[in-house]
Every structure is written in structure tokens, then in C-alpha cells.
Number of protein chains: 2
Amino acid sequence: MPHTIKKQRPFMDLSRYISKNHLFSGVSSDVLAPFLEAAQIRREEKGKFIFIQGDKAEWFYLIIDGWIKLFRDTIDGNEAVVDVLTAGHLFGESAIFDNGIYGYGAQLLEPTQYIMLPSSLLKTAVASDQKMAMNMLQVMAQHRRQQSMEIEHLNMQNAPQRIGCFLLRLCPVDVKGSVTLHLPYDKTLIAARLGMKPETFSRALATLKKDANIRVQGAMVIIGNIQELVDYTCNHCSNKFPCDDL
Amino acid sequence: MPHTIKKQRPFMDLSRYISKNHLFSGVSSDVLAPFLEAAQIRREEKGKFIFIQGDKAEWFYLIIDGWIKLFRDTIDGNEAVVDVLTAGHLFGESAIFDNGIYGYGAQLLEPTQYIMLPSSLLKTAVASDQKMAMNMLQVMAQHRRQQSMEIEHLNMQNAPQRIGCFLLRLCPVDVKGSVTLHLPYDKTLIAARLGMKPETFSRALATLKKDANIRVQGAMVIIGNIQELVDYTCNHCSNKFPCDDL
């Protein structure tokens with residue numbers, strides 16, 4: 001009965017994607033079931049706004065594939081890129097524990113598939129299930145630590161070092177010698193994600209190429225010697241390479 | 001029996017300080033009792049390190065009075081000031097939900113009185129009591145939002161605007177016209193807290209005085225017209241003044 005199989009398949013995909021996320025790790029099937037039932041899969045085109053800052057946080061989201069930008073608009077009309085996320089990342093999940101509204105907007109950077117889950121279910125599950133509560137706390141504590149490192153970098157590292165850090169976080173953790181990387185998204189967005197104006201980014205990248213043995217060909221980056229880049233970048237950080245959250 | 005009164009007083013003080021903190025708001029006395037029993041009050045002198053980055057997070061802390069600096073040392077020996085906290089603030093409370101070690105050090109900036117509470121009790125209470133779990137999530141969500149705003153400011157505001165923002169956050173929210181403030185701690189530390197080198201801070205403060213009608217006499221700051229400072233500072237932010245976390 002092909003009809004039955006067709007009906008079941010999206011549910012099984014959802015189940016796989018949802019249950020492998022740390023938020024649901026080790027959670028009983030009773031607790032998981034309402035999420036699987038209420039979950040909705042969406043595939044939308046580049047440019048689509050999923051929500052904007054100030055919207056009521058009725059859903060939280062899990063990315064299946066693609067890229068999403070979280071951003072805020074300043075009063076004078078500039079855009080602050082808060083984060084850039086891809087497959088496996090959650091977003092919008094903490095608003096329900098704060099003031100219930102999204103603190104940023106979310107926009108697709110390319111055709112992207114994602115799962116929507118009701119925030120109300122998350123609140124209920126966290127309030128009634130210890131494992132869910134602990135998972136949620138771990139998700140938030142980890143994010144808090146990452147944000148705290150980001151603040152440190154903005155305070156302590158110069159622009160070339162911040163680009164160096166961005167590149168190092170794309171490298172396999174056990175790599176030695178030379179590494180070739182592909183930038184995950186375009187340079188204008190990398191600049192915005194790192195809080196740099198495009199011209200600052202260009203100048204900083206030129207410095208990095210000169211001082212840390214980096215070559216850039218389009219979206220491809222060749223790090224001549226990873227240890228050289230680590231010395232250049234990570235001495236200005238309180239974490240040793242590789243970072244413990246990788 | 002003065003002896004009995006003397007014995008009870010510290011316990012009552014502890015109870016008052018602990019139970020009024022949001023983490024324990026609305027929590028039943030059964031859940032609160034072990035915290036009150038295990039709590040220890042300390043009064044230490046300026047310069048004392050309560051813990052350093054990488055220490056096992058066996059305690060979390062609540063400040064009664066005084067000032068504390070949270071910091072990290074970079075590998076090349078510079079200090080990143082993560083936060084500066086005073087009465088009513090918690091610190092060290094999220095490590096137990098992450099990797100169990102402190103992600104920063106804590107040092108007293110002046111003679112400071114604080115309460116130490118065992119992290120293990122917090123973990124148990126959060127895992128067994130829904131109200132504690134929700135309070136903890138709210139504490140973390142709020143902190144995450146504040147960090148997110150700080151990242152935005154570092155990305156979008158220039159140095160004079162970041163000082164302007166620091167000053168505005170010290171103002172009463174309903175104030176109009178001219179305001180006189182006292183800086184809560186010295187300018188070198190404010191500079192470090194804002195991620196500025198002392199010379200950058202001096203230059204930025206000079207610009208702010210000129211462009212936003214500010215006068216500074218020692219630790220006293222006179223804001224000529226609060227709306228002028230708001231226009232100068234908050235248009236480069238996604239939040240309207242007064243910020244919603246104040």
C-alpha cells in the first residue's frame with residue numbers, strides 16, 4: 001500500500017531529526033510523542049522571513065538543511081547579524097522562558113528545510129519532565145558560554161584574529177599542517193556575522209593573508225600551516241585550540 | 001538570651017537575601033531549606049580571588065554588597081573583563097549545567113560580602129522541583145538576552161555610543177532633562193568592561209562630552225539632556241530607551 005508508506009515517511013523523518021537533537025536526548029517516548037505529532041516541516045525559498053523581532057514566540061525551530069540568519073534591525077535601519085545557523089541547530093527556543101517574544105528576526109539565506117515545533121509544548125514538557133528540563137538547561141548553558149566567548153573575542157581580538165578564529169572553527173579538530181576550507185557562506189555575511197563593515201573585513205583579510213600564511217581563492221581558503229594560524233589567533237583568547245565546544 | 005539571638009541573626013539574613021532572589025522566587029520552603037542550611041556568608045577584602053577559570057564549579061554565589069569582577073586571562077596574558085556585578089547578582093550558577101567548571105574567574109573589586117551555595121543542591125533542586133527549573137531557565141534566558149544585546153552593541157555601536165549606553169543604563173528609567181550620576185566603579189574598569197583600551201576610552205569619552213552634552217567631574221557625570229544622549233546612543237541599537245531588561 002504505497003499510500004500508507006507515503007503518509008508515514010514524513011513522520012519518520014521528523015522523528016529522526018527531532019529525537020537526535022540534544023534537547024530531546026534520552027527523553028521518553030511519551031514526552032516526545034506530542035512534539036512529533038505537532039511538528040510541521042517547511043521548505044522555503046531564500047529571503048523568506050520566518051519571523052521578525054518582537055513577534056510572539058509561538059514556535060521554535062530546528063533546521064534540517066540550508067542556512068538561516070538571525071538578525072536585529074537597529075532604530076536607524078542597520079542590520080546586526082546575531083547568528084548564522086545550519087542543519088541541526090535550534091532557534092527561537094529560549095524566548096518562551098524569557099518574555100515570550102523573539103529577540104531577533106530569522107531569515108533564510110538559501111532554500112532551507114526546517115521543522116516548526118510549538119513553544120507551548122516545550123514549556124509544558126520542561127515543567128513536567130526532569131530530563132527535558134535538564135536538557136533545556138544544558139542547551140542554554142552551552143549557548144551562554146559560546147556568547148560569552150564571542151564577547152571576549154570582540155573585546156580582545158583584532159579584526160584579522162577574529163577572521164582567523166572563524167576559519168579555525170571550520171577546521172577538523174585533529175588537523176595538522178596545511179588545510180583547505182570552503183567558506184560556508186559569502187564574505188559579506190561573514191563580515192556581518194563578525195561585526196565588521198565590508199571594508200574592515202577586506203583589510204583584515206589582507207592582513208591575515210600576509211601575516212598568517214593564508215590564501216583565498218573565491219570561496220576556497222588555504223591555510224598554509226594551521227599552527228601558524230593558531231599562534232596568530234588563539235594567543236589572544238582564553239581558550240586553547242581546539243575550542244572545547246567543538 | 002543574647003547568645004541565641006546572635007546565632008539566629010545570620011540565618012535570618014541569609015533567608016532574606018536568598019529567598020528574594022529570582023532564582024528562589026515562589027519556591028516552597030521544603031526546597032529552600034537545604035540551601036539555607038548549607039549557605040555560607042563570606043566577607044573578603046579587595047583583590048581576593050573567589051575562584052579562577054577552570055576551577056570545579058562546586059559553589060555558586062549571591063552578592064550581598066560590594067563589587068565583583070568576572071574575568072578571563074588570555075593565553076598571552078591579557079585580562080578580558082566578562083562582567084562586573086554588585087548586590088543581588090548571582091554568579092557561577094550556570095556552570096553546573098554545562099561542563100561543571102567555571103568559564104571565568106571571580107575577583108573582589110572592594111571589600112565584598114557574599115553568600116556561597118552548593119552547586120550540587122542547585123542541580124538536585126532543579127531536577128526535582130518544577131518551580132526551581134522554571135526559575136533557573138528564566139534566569140538563564142534573561143542572561144542570554146543581555147549577552148546577545150552586548151554582542152549587538154559591540155558590533156553596531158562605536159566607542160562613544162557604548163559609553164553612552166553604559167551611562168543610560170545607570171539612569172532612572174522615567175527621568176527627563178538633566179541627570180547627575182555617580183560612576184559605580186573606576187574608569188579603567190569601565191573601559192575594560194566595555195572592551196576598550198584606556199586610551200580608546202579617554203578619546204571616546206572626550207567625543208561623547210563634545211557631541212552629547214556630557215560633563216565629567218571625577219566620578220560624577222552630568223548628562224545635560226537625557227533625550228540628547230538617547231538620540232546619540234540608542235538609534236544605533238535595536239532596543240528603544242529605556243531597555244526592557246531595566
# chains A, B, ... in the order shown; residues from 1 in each chain; ligands from 1
>>> interface_residues(of="chain B", to="chain A", cutoff="9 Å", atoms="only C-alpha atoms", output="mmCIF file with N, CA and C atoms, in the first residue's frame")
data_model
loop_
_atom_site.group_PDB
_atom_site.id
_atom_site.type_symbol
_atom_site.label_atom_id
_atom_site.label_comp_id
_atom_site.auth_asym_id
_atom_site.auth_seq_id
_atom_site.Cartn_x
_atom_site.Cartn_y
_atom_site.Cartn_z
ATOM 1 N N ARG B 72 38.492 36.651 32.371
ATOM 2 C CA ARG B 72 39.274 35.540 31.819
ATOM 3 C C ARG B 72 40.640 36.064 31.417
ATOM 4 N N ASP B 73 41.664 35.230 31.572
ATOM 5 C CA ASP B 73 43.002 35.599 31.111
ATOM 6 C C ASP B 73 43.245 34.965 29.759
ATOM 7 N N THR B 74 43.664 35.789 28.811
ATOM 8 C CA THR B 74 44.005 35.224 27.507
ATOM 9 C C THR B 74 45.372 34.540 27.621
ATOM 10 N N ILE B 75 45.680 33.688 26.638
ATOM 11 C CA ILE B 75 46.924 32.916 26.685
ATOM 12 C C ILE B 75 48.146 33.850 26.700
ATOM 13 N N ASP B 76 48.052 35.001 26.015
ATOM 14 C CA ASP B 76 49.187 35.936 26.031
ATOM 15 C C ASP B 76 49.155 36.894 27.223
ATOM 16 N N GLY B 77 48.297 36.611 28.203
ATOM 17 C CA GLY B 77 48.401 37.309 29.487
ATOM 18 C C GLY B 77 47.572 38.571 29.649
ATOM 19 N N ASN B 78 46.657 38.843 28.737
ATOM 20 C CA ASN B 78 45.759 39.981 28.939
ATOM 21 C C ASN B 78 44.487 39.539 29.641
ATOM 22 N N GLU B 79 43.838 40.520 30.263
ATOM 23 C CA GLU B 79 42.620 40.184 31.007
ATOM 24 C C GLU B 79 41.389 40.674 30.255
ATOM 25 N N ALA B 80 40.422 39.765 30.037
ATOM 26 C CA ALA B 80 39.130 40.131 29.459
ATOM 27 C C ALA B 80 38.128 40.220 30.608
ATOM 28 N N VAL B 81 37.545 41.401 30.801
ATOM 29 C CA VAL B 81 36.540 41.553 31.864
ATOM 30 C C VAL B 81 35.194 41.100 31.304
ATOM 31 N N VAL B 82 34.685 40.017 31.846
ATOM 32 C CA VAL B 82 33.456 39.405 31.343
ATOM 33 C C VAL B 82 32.226 40.139 31.897
ATOM 34 N N SER B 94 25.559 28.804 36.333
ATOM 35 C CA SER B 94 25.204 28.027 35.131
ATOM 36 C C SER B 94 26.225 26.929 34.808
ATOM 37 N N ALA B 95 27.421 26.988 35.414
ATOM 38 C CA ALA B 95 28.493 26.028 35.074
ATOM 39 C C ALA B 95 28.053 24.580 35.305
ATOM 40 N N ILE B 96 27.280 24.369 36.348
ATOM 41 C CA ILE B 96 26.860 23.006 36.712
ATOM 42 C C ILE B 96 25.961 22.385 35.628
ATOM 43 N N PHE B 97 25.359 23.217 34.791
ATOM 44 C CA PHE B 97 24.514 22.703 33.707
ATOM 45 C C PHE B 97 25.281 22.601 32.385
ATOM 46 N N ASP B 98 26.534 23.013 32.433
ATOM 47 C CA ASP B 98 27.359 22.937 31.226
ATOM 48 C C ASP B 98 28.429 21.872 31.479
ATOM 49 N N ASN B 99 29.676 22.259 31.601
ATOM 50 C CA ASN B 99 30.725 21.246 31.778
ATOM 51 C C ASN B 99 31.201 21.115 33.227
ATOM 52 N N GLY B 103 33.723 29.065 33.776
ATOM 53 C CA GLY B 103 34.232 29.575 32.498
ATOM 54 C C GLY B 103 34.954 30.906 32.654
ATOM 55 N N LYS B 123 21.584 21.681 41.377
ATOM 56 C CA LYS B 123 21.313 20.659 40.365
ATOM 57 C C LYS B 123 20.167 19.746 40.830
ATOM 58 N N VAL B 126 16.742 21.719 40.873
ATOM 59 C CA VAL B 126 16.234 21.977 39.523
ATOM 60 C C VAL B 126 15.690 20.688 38.896
ATOM 61 N N ALA B 127 16.352 19.556 39.215
ATOM 62 C CA ALA B 127 15.917 18.276 38.638
ATOM 63 C C ALA B 127 14.663 17.743 39.319
ATOM 64 N N SER B 128 14.362 18.213 40.538
ATOM 65 C CA SER B 128 13.235 17.618 41.264
ATOM 66 C C SER B 128 12.086 18.588 41.487
ATOM 67 N N ASP B 129 12.308 19.874 41.253
ATOM 68 C CA ASP B 129 11.258 20.852 41.529
ATOM 69 C C ASP B 129 10.998 21.714 40.292
ATOM 70 N N GLN B 130 9.750 21.673 39.822
ATOM 71 C CA GLN B 130 9.404 22.376 38.577
ATOM 72 C C GLN B 130 9.609 23.882 38.674
ATOM 73 N N LYS B 131 9.244 24.429 39.848
ATOM 74 C CA LYS B 131 9.362 25.882 40.010
ATOM 75 C C LYS B 131 10.829 26.304 39.931
ATOM 76 N N ALA B 133 13.179 24.694 38.376
ATOM 77 C CA ALA B 133 13.624 24.522 36.983
ATOM 78 C C ALA B 133 13.206 25.715 36.135
ATOM 79 N N MET B 134 11.959 26.156 36.306
ATOM 80 C CA MET B 134 11.479 27.289 35.507
ATOM 81 C C MET B 134 12.220 28.570 35.896
ATOM 82 N N ASN B 135 12.444 28.766 37.188
ATOM 83 C CA ASN B 135 13.195 29.957 37.615
ATOM 84 C C ASN B 135 14.599 29.962 37.007
ATOM 85 N N MET B 136 15.250 28.802 37.070
ATOM 86 C CA MET B 136 16.610 28.702 36.535
ATOM 87 C C MET B 136 16.623 29.005 35.038
ATOM 88 N N LEU B 137 15.622 28.470 34.326
ATOM 89 C CA LEU B 137 15.532 28.733 32.884
ATOM 90 C C LEU B 137 15.305 30.220 32.610
ATOM 91 N N GLN B 138 14.489 30.846 33.449
ATOM 92 C CA GLN B 138 14.238 32.281 33.258
ATOM 93 C C GLN B 138 15.502 33.104 33.508
ATOM 94 N N VAL B 139 16.231 32.747 34.583
ATOM 95 C CA VAL B 139 17.495 33.433 34.881
ATOM 96 C C VAL B 139 18.435 33.318 33.678
ATOM 97 N N MET B 140 18.517 32.101 33.112
ATOM 98 C CA MET B 140 19.440 31.893 32.001
ATOM 99 C C MET B 140 18.968 32.552 30.716
ATOM 100 N N ALA B 141 17.669 32.516 30.459
ATOM 101 C CA ALA B 141 17.144 33.145 29.239
ATOM 102 C C ALA B 141 17.364 34.659 29.280
ATOM 103 N N GLN B 142 17.176 35.239 30.448
ATOM 104 C CA GLN B 142 17.365 36.685 30.592
ATOM 105 C C GLN B 142 18.843 37.047 30.375
ATOM 106 N N HIS B 143 19.714 36.229 30.947
ATOM 107 C CA HIS B 143 21.140 36.493 30.796
ATOM 108 C C HIS B 143 21.571 36.332 29.340
ATOM 109 N N ARG B 144 20.981 35.339 28.683
ATOM 110 C CA ARG B 144 21.285 35.106 27.265
ATOM 111 C C ARG B 144 20.864 36.321 26.425
ATOM 112 N N ARG B 145 19.702 36.888 26.759
ATOM 113 C CA ARG B 145 19.230 38.074 26.022
ATOM 114 C C ARG B 145 20.176 39.260 26.244
ATOM 115 N N GLN B 147 23.369 39.124 27.012
ATOM 116 C CA GLN B 147 24.625 38.875 26.293
ATOM 117 C C GLN B 147 24.446 39.152 24.806
ATOM 118 N N SER B 148 23.286 38.765 24.302
ATOM 119 C CA SER B 148 23.004 38.962 22.897
ATOM 120 C C SER B 148 22.988 40.461 22.561
ATOM 121 N N GLU B 150 24.636 42.702 24.236
ATOM 122 C CA GLU B 150 26.022 43.170 24.363
ATOM 123 C C GLU B 150 26.804 42.905 23.065
ATOM 124 N N ILE B 151 26.564 41.731 22.477
ATOM 125 C CA ILE B 151 27.216 41.405 21.201
ATOM 126 C C ILE B 151 26.763 42.393 20.125
ATOM 127 N N GLU B 152 25.452 42.676 20.112
ATOM 128 C CA GLU B 152 24.954 43.660 19.142
ATOM 129 C C GLU B 152 25.662 45.004 19.310
ATOM 130 N N HIS B 153 25.784 45.448 20.555
ATOM 131 C CA HIS B 153 26.415 46.749 20.801
ATOM 132 C C HIS B 153 27.868 46.761 20.341
ATOM 133 N N LEU B 154 28.580 45.668 20.638
ATOM 134 C CA LEU B 154 29.987 45.600 20.211
ATOM 135 C C LEU B 154 30.093 45.632 18.691
ATOM 136 N N ASN B 155 29.085 45.085 18.019
ATOM 137 C CA ASN B 155 29.103 45.048 16.554
ATOM 138 C C ASN B 155 28.635 46.356 15.922
ATOM 139 N N MET B 156 27.668 47.011 16.540
ATOM 140 C CA MET B 156 26.971 48.102 15.855
ATOM 141 C C MET B 156 27.285 49.496 16.392
ATOM 142 N N ALA B 192 37.567 48.520 30.600
ATOM 143 C CA ALA B 192 37.775 47.077 30.410
ATOM 144 C C ALA B 192 36.441 46.357 30.231
ATOM 145 N N ARG B 193 35.434 46.759 31.024
ATOM 146 C CA ARG B 193 34.113 46.144 30.915
ATOM 147 C C ARG B 193 33.508 46.364 29.532
ATOM 148 N N LEU B 194 33.820 47.521 28.940
ATOM 149 C CA LEU B 194 33.287 47.849 27.612
ATOM 150 C C LEU B 194 34.216 47.371 26.491
ATOM 151 N N GLY B 195 35.269 46.654 26.880
ATOM 152 C CA GLY B 195 36.188 46.105 25.880
ATOM 153 C C GLY B 195 37.035 47.156 25.195
ATOM 154 N N MET B 196 37.364 48.238 25.943
ATOM 155 C CA MET B 196 38.181 49.306 25.342
ATOM 156 C C MET B 196 39.511 49.421 26.061
ATOM 157 N N CYS B 234 21.021 55.443 21.277
ATOM 158 C CA CYS B 234 20.077 54.330 21.126
ATOM 159 C C CYS B 234 19.570 54.151 19.696
ATOM 160 N N ASN B 235 19.784 55.137 18.820
ATOM 161 C CA ASN B 235 19.405 54.931 17.423
ATOM 162 C C ASN B 235 20.261 53.870 16.748
ATOM 163 N N HIS B 236 21.402 53.575 17.350
ATOM 164 C CA HIS B 236 22.292 52.550 16.792
ATOM 165 C C HIS B 236 22.081 51.201 17.478
ATOM 166 N N CYS B 237 20.951 51.046 18.092
ATOM 167 C CA CYS B 237 20.617 49.825 18.826
ATOM 168 C C CYS B 237 19.229 49.378 18.374
ATOM 169 N N SER B 238 18.933 48.094 18.544
ATOM 170 C CA SER B 238 17.611 47.605 18.138
ATOM 171 C C SER B 238 16.577 47.775 19.252
ATOM 172 N N ASN B 239 17.021 48.218 20.431
ATOM 173 C CA ASN B 239 16.114 48.448 21.562
ATOM 174 C C ASN B 239 15.860 49.937 21.751
ATOM 175 N N LYS B 240 14.633 50.269 22.061
ATOM 176 C CA LYS B 240 14.330 51.666 22.430
ATOM 177 C C LYS B 240 14.733 51.916 23.884
#
>>> calpha_fit_and_write(fixed="chain A", moving="chain B", output="tab-separated table (two decimals) with C-alpha atoms, in the first residue's frame")
chain	number	residue	atom	x	y	z
B	1	MET	CA	0.27	0.36	-0.50
B	2	PRO	CA	2.46	3.24	-1.63
B	3	HIS	CA	-0.04	5.74	-0.21
B	4	THR	CA	0.55	4.52	3.36
B	5	ILE	CA	4.32	4.52	2.94
B	6	LYS	CA	4.17	8.06	1.60
B	7	LYS	CA	2.13	9.18	4.60
B	8	GLN	CA	4.50	7.61	7.11
B	9	ARG	CA	7.76	8.80	5.68
B	10	PRO	CA	7.62	12.46	6.75
B	11	PHE	CA	6.70	11.37	10.29
B	12	MET	CA	9.70	9.05	10.45
B	13	ASP	CA	11.99	11.78	9.15
B	14	LEU	CA	10.66	14.15	11.76
B	15	SER	CA	11.18	11.60	14.48
B	16	ARG	CA	14.79	11.07	13.42
B	17	TYR	CA	15.63	14.77	13.20
B	18	ILE	CA	13.89	15.72	16.40
B	19	SER	CA	15.01	12.90	18.67
B	20	LYS	CA	18.68	13.19	17.74
B	21	ASN	CA	18.80	16.83	18.85
B	22	HIS	CA	20.34	17.29	22.30
B	23	LEU	CA	17.17	18.97	23.59
B	24	PHE	CA	15.35	15.64	23.27
B	25	SER	CA	18.25	13.34	24.12
B	26	GLY	CA	17.22	10.52	26.48
B	27	VAL	CA	13.66	11.84	26.71
B	28	SER	CA	10.93	9.21	27.04
B	29	SER	CA	8.68	8.48	24.06
B	30	ASP	CA	5.66	9.73	26.05
B	31	VAL	CA	7.25	13.17	26.35
B	32	LEU	CA	8.47	13.12	22.74
B	33	ALA	CA	5.15	12.00	21.20
B	34	PRO	CA	3.26	15.34	21.32
B	35	PHE	CA	6.23	17.09	19.67
B	36	LEU	CA	6.27	14.55	16.84
B	37	GLU	CA	2.53	14.95	16.37
B	38	ALA	CA	2.56	18.73	16.35
B	39	ALA	CA	5.76	19.17	14.32
B	40	GLN	CA	5.48	20.73	10.89
B	41	ILE	CA	8.08	20.52	8.15
B	42	ARG	CA	8.60	23.57	5.92
B	43	ARG	CA	10.77	24.14	2.90
B	44	GLU	CA	11.01	27.79	1.92
B	45	GLU	CA	13.00	29.86	-0.51
B	46	LYS	CA	15.93	32.18	0.09
B	47	GLY	CA	14.88	35.53	1.53
B	48	LYS	CA	11.81	34.26	3.40
B	49	PHE	CA	11.36	35.74	6.89
B	50	ILE	CA	10.29	33.04	9.35
B	51	PHE	CA	9.55	35.64	12.01
B	52	ILE	CA	10.68	39.12	12.95
B	53	GLN	CA	11.92	40.61	16.21
B	54	GLY	CA	9.02	41.31	18.55
B	55	ASP	CA	6.76	38.56	17.16
B	56	LYS	CA	5.08	36.35	19.74
B	57	ALA	CA	7.26	33.24	20.19
B	58	GLU	CA	4.65	30.60	19.38
B	59	TRP	CA	7.07	28.20	17.68
B	60	PHE	CA	10.65	27.14	17.97
B	61	TYR	CA	12.64	25.75	15.09
B	62	LEU	CA	15.08	23.02	14.12
B	63	ILE	CA	16.99	23.30	10.84
B	64	ILE	CA	17.12	20.18	8.64
B	65	ASP	CA	19.24	21.67	5.85
B	66	GLY	CA	20.12	25.09	4.48
B	67	TRP	CA	21.20	28.29	6.21
B	68	ILE	CA	19.35	30.80	8.34
B	69	LYS	CA	20.35	34.24	9.56
B	70	LEU	CA	19.20	35.62	12.91
B	71	PHE	CA	19.28	39.41	12.93
B	72	ARG	CA	18.06	42.59	14.55
B	73	ASP	CA	17.36	45.95	12.93
B	74	THR	CA	18.70	48.96	14.73
B	75	ILE	CA	16.44	52.02	15.04
B	76	ASP	CA	18.49	53.86	12.38
B	77	GLY	CA	17.95	50.99	9.94
B	78	ASN	CA	21.15	48.95	10.06
B	79	GLU	CA	21.15	45.20	10.42
B	80	ALA	CA	22.99	43.40	13.23
B	81	VAL	CA	23.60	39.74	12.35
B	82	VAL	CA	23.12	37.87	15.62
B	83	ASP	CA	23.90	34.37	14.32
B	84	VAL	CA	24.11	32.26	11.18
B	85	LEU	CA	22.86	28.69	11.64
B	86	THR	CA	22.65	25.46	9.65
B	87	ALA	CA	21.50	21.81	9.94
B	88	GLY	CA	20.92	20.54	13.49
B	89	HIS	CA	20.65	23.98	15.10
B	90	LEU	CA	17.68	25.10	17.16
B	91	PHE	CA	16.47	28.67	17.28
B	92	GLY	CA	13.68	30.58	19.01
B	93	GLU	CA	13.68	28.04	21.86
B	94	SER	CA	14.61	30.34	24.72
B	95	ALA	CA	12.07	33.19	24.20
B	96	ILE	CA	9.31	31.25	25.95
B	97	PHE	CA	11.39	31.26	29.16
B	98	ASP	CA	12.05	34.97	28.94
B	99	ASN	CA	9.40	37.48	27.83
B	100	GLY	CA	7.66	35.24	25.25
B	101	ILE	CA	8.68	37.30	22.23
B	102	TYR	CA	11.49	36.69	19.75
B	103	GLY	CA	14.52	38.87	20.48
B	104	TYR	CA	15.59	38.73	16.80
B	105	GLY	CA	14.23	38.01	13.33
B	106	ALA	CA	15.02	34.88	11.28
B	107	GLN	CA	15.52	34.90	7.51
B	108	LEU	CA	16.54	32.15	5.09
B	109	LEU	CA	19.87	32.61	3.32
B	110	GLU	CA	19.17	29.86	0.80
B	111	PRO	CA	16.39	27.32	0.15
B	112	THR	CA	16.05	25.80	3.61
B	113	GLN	CA	14.12	22.96	5.19
B	114	TYR	CA	13.19	23.26	8.84
B	115	ILE	CA	10.89	21.85	11.50
B	116	MET	CA	8.48	24.04	13.49
B	117	LEU	CA	7.54	22.91	17.01
B	118	PRO	CA	5.07	24.64	19.36
B	119	SER	CA	6.72	26.65	22.17
B	120	SER	CA	3.79	25.84	24.46
B	121	LEU	CA	4.67	22.12	24.27
B	122	LEU	CA	8.26	22.91	25.19
B	123	LYS	CA	7.17	24.92	28.21
B	124	THR	CA	4.87	22.09	29.36
B	125	ALA	CA	7.47	19.37	28.79
B	126	VAL	CA	10.20	21.29	30.64
B	127	ALA	CA	7.85	21.99	33.57
B	128	SER	CA	6.73	18.36	33.87
B	129	ASP	CA	9.74	16.28	32.82
B	130	GLN	CA	13.08	16.44	34.62
B	131	LYS	CA	15.09	15.15	31.68
B	132	MET	CA	13.63	17.81	29.38
B	133	ALA	CA	14.35	20.49	31.99
B	134	MET	CA	17.97	19.39	32.33
B	135	ASN	CA	18.43	19.17	28.56
B	136	MET	CA	16.99	22.65	28.11
B	137	LEU	CA	19.29	24.01	30.82
B	138	GLN	CA	22.28	22.37	29.14
B	139	VAL	CA	21.33	23.82	25.74
B	140	MET	CA	21.08	27.27	27.32
B	141	ALA	CA	24.24	27.00	29.41
B	142	GLN	CA	26.24	25.96	26.36
B	143	HIS	CA	24.84	28.83	24.33
B	144	ARG	CA	25.59	31.24	27.16
B	145	ARG	CA	29.22	30.04	27.20
B	146	GLN	CA	29.50	30.51	23.43
B	147	GLN	CA	28.08	34.04	23.65
B	148	SER	CA	30.46	34.81	26.46
B	149	MET	CA	33.41	33.70	24.27
B	150	GLU	CA	32.08	35.83	21.43
B	151	ILE	CA	32.02	38.88	23.71
B	152	GLU	CA	35.59	38.10	24.77
B	153	HIS	CA	36.69	37.90	21.14
B	154	LEU	CA	35.02	41.20	20.26
B	155	ASN	CA	36.82	42.78	23.22
B	156	MET	CA	40.24	41.18	22.92
B	157	GLN	CA	40.92	40.14	19.34
B	158	ASN	CA	41.54	42.43	16.41
B	159	ALA	CA	39.69	42.00	13.10
B	160	PRO	CA	42.26	39.65	11.40
B	161	GLN	CA	42.31	37.46	14.53
B	162	ARG	CA	38.50	37.25	14.56
B	163	ILE	CA	38.57	36.07	10.93
B	164	GLY	CA	41.33	33.61	11.90
B	165	CYS	CA	39.12	32.30	14.70
B	166	PHE	CA	36.18	31.93	12.29
B	167	LEU	CA	38.38	29.86	9.95
B	168	LEU	CA	39.85	27.71	12.73
B	169	ARG	CA	36.36	26.81	13.92
B	170	LEU	CA	35.71	25.36	10.45
B	171	CYS	CA	38.79	23.09	10.64
B	172	PRO	CA	38.68	19.47	11.80
B	173	VAL	CA	39.94	19.48	15.41
B	174	ASP	CA	42.76	16.95	14.88
B	175	VAL	CA	44.20	18.51	11.74
B	176	LYS	CA	47.88	19.38	11.28
B	177	GLY	CA	49.86	21.16	8.55
B	178	SER	CA	48.00	22.65	5.60
B	179	VAL	CA	44.19	22.73	5.38
B	180	THR	CA	41.82	23.68	2.57
B	181	LEU	CA	38.40	24.97	3.56
B	182	HIS	CA	35.31	26.14	1.77
B	183	LEU	CA	33.66	29.21	3.27
B	184	PRO	CA	30.15	28.16	4.36
B	185	TYR	CA	28.51	31.40	3.20
B	186	ASP	CA	29.52	34.55	1.37
B	187	LYS	CA	32.09	37.01	2.62
B	188	THR	CA	29.64	39.90	3.09
B	189	LEU	CA	27.68	37.77	5.51
B	190	ILE	CA	30.83	36.51	7.28
B	191	ALA	CA	31.80	40.17	7.74
B	192	ALA	CA	28.36	40.98	9.20
B	193	ARG	CA	28.46	37.89	11.44
B	194	LEU	CA	31.83	39.05	12.78
B	195	GLY	CA	30.51	42.58	13.30
B	196	MET	CA	32.71	44.12	10.60
B	197	LYS	CA	31.93	46.57	7.82
B	198	PRO	CA	32.79	45.04	4.40
B	199	GLU	CA	35.81	47.35	3.99
B	200	THR	CA	37.13	46.42	7.47
B	201	PHE	CA	36.71	42.75	6.59
B	202	SER	CA	38.64	43.16	3.28
B	203	ARG	CA	41.51	44.95	4.99
B	204	ALA	CA	41.59	42.40	7.84
B	205	LEU	CA	41.57	39.48	5.40
B	206	ALA	CA	44.49	41.05	3.51
B	207	THR	CA	46.43	41.34	6.80
B	208	LEU	CA	45.61	37.75	7.70
B	209	LYS	CA	46.82	36.48	4.30
B	210	LYS	CA	50.10	38.32	4.76
B	211	ASP	CA	50.73	37.57	8.44
B	212	ALA	CA	49.30	34.07	8.88
B	213	ASN	CA	50.07	32.31	5.59
B	214	ILE	CA	46.49	32.14	4.23
B	215	ARG	CA	45.42	32.08	0.58
B	216	VAL	CA	41.88	32.79	-0.60
B	217	GLN	CA	40.50	31.78	-4.01
B	218	GLY	CA	36.81	32.67	-4.22
B	219	ALA	CA	35.08	30.64	-1.53
B	220	MET	CA	38.15	28.40	-1.02
B	221	VAL	CA	40.62	29.16	1.76
B	222	ILE	CA	44.02	27.48	2.00
B	223	ILE	CA	45.61	27.65	5.44
B	224	GLY	CA	49.34	27.13	4.83
B	225	ASN	CA	50.07	25.85	8.33
B	226	ILE	CA	47.36	25.50	10.92
B	227	GLN	CA	49.78	25.98	13.86
B	228	GLU	CA	50.83	29.34	12.41
B	229	LEU	CA	47.18	30.46	12.32
B	230	VAL	CA	46.59	29.12	15.84
B	231	ASP	CA	49.59	31.10	17.14
B	232	TYR	CA	48.37	34.21	15.35
B	233	THR	CA	44.79	33.93	16.61
B	234	CYS	CA	44.40	31.87	19.77
B	235	ASN	CA	47.07	33.52	21.94
B	236	HIS	CA	44.66	36.44	22.20
B	237	CYS	CA	41.92	34.19	23.55
B	238	SER	CA	41.45	32.49	26.92
B	239	ASN	CA	40.73	29.14	25.20
B	240	LYS	CA	43.34	26.85	23.71
B	241	PHE	CA	42.79	25.48	20.18
B	242	PRO	CA	40.75	23.37	19.55
B	243	CYS	CA	37.94	25.13	21.45
B	244	ASP	CA	36.21	22.86	23.94
B	245	ASP	CA	32.76	23.43	22.42
B	246	LEU	CA	33.81	21.95	19.06
>>> select_by_dssp(residues="stretch 48-137 of chain A", states="alpha helix (DSSP H)", output="list in words")
Ser119, Ser120, Leu121, Leu122, Lys123, Thr124, Ala125, Val126, Ala127, Ser128, Gln130, Lys131, Met132, Ala133, Met134, Asn135, Met136 and Leu137 of chain A
>>> select_by_dssp(residues="stretch 66-222 of chain B", states="strand (DSSP E or B)", output="number ranges by chain")
B: 68-73, 79-85, 90-91, 101, 105-108, 112-118, 179-182, 214-217, 220-222
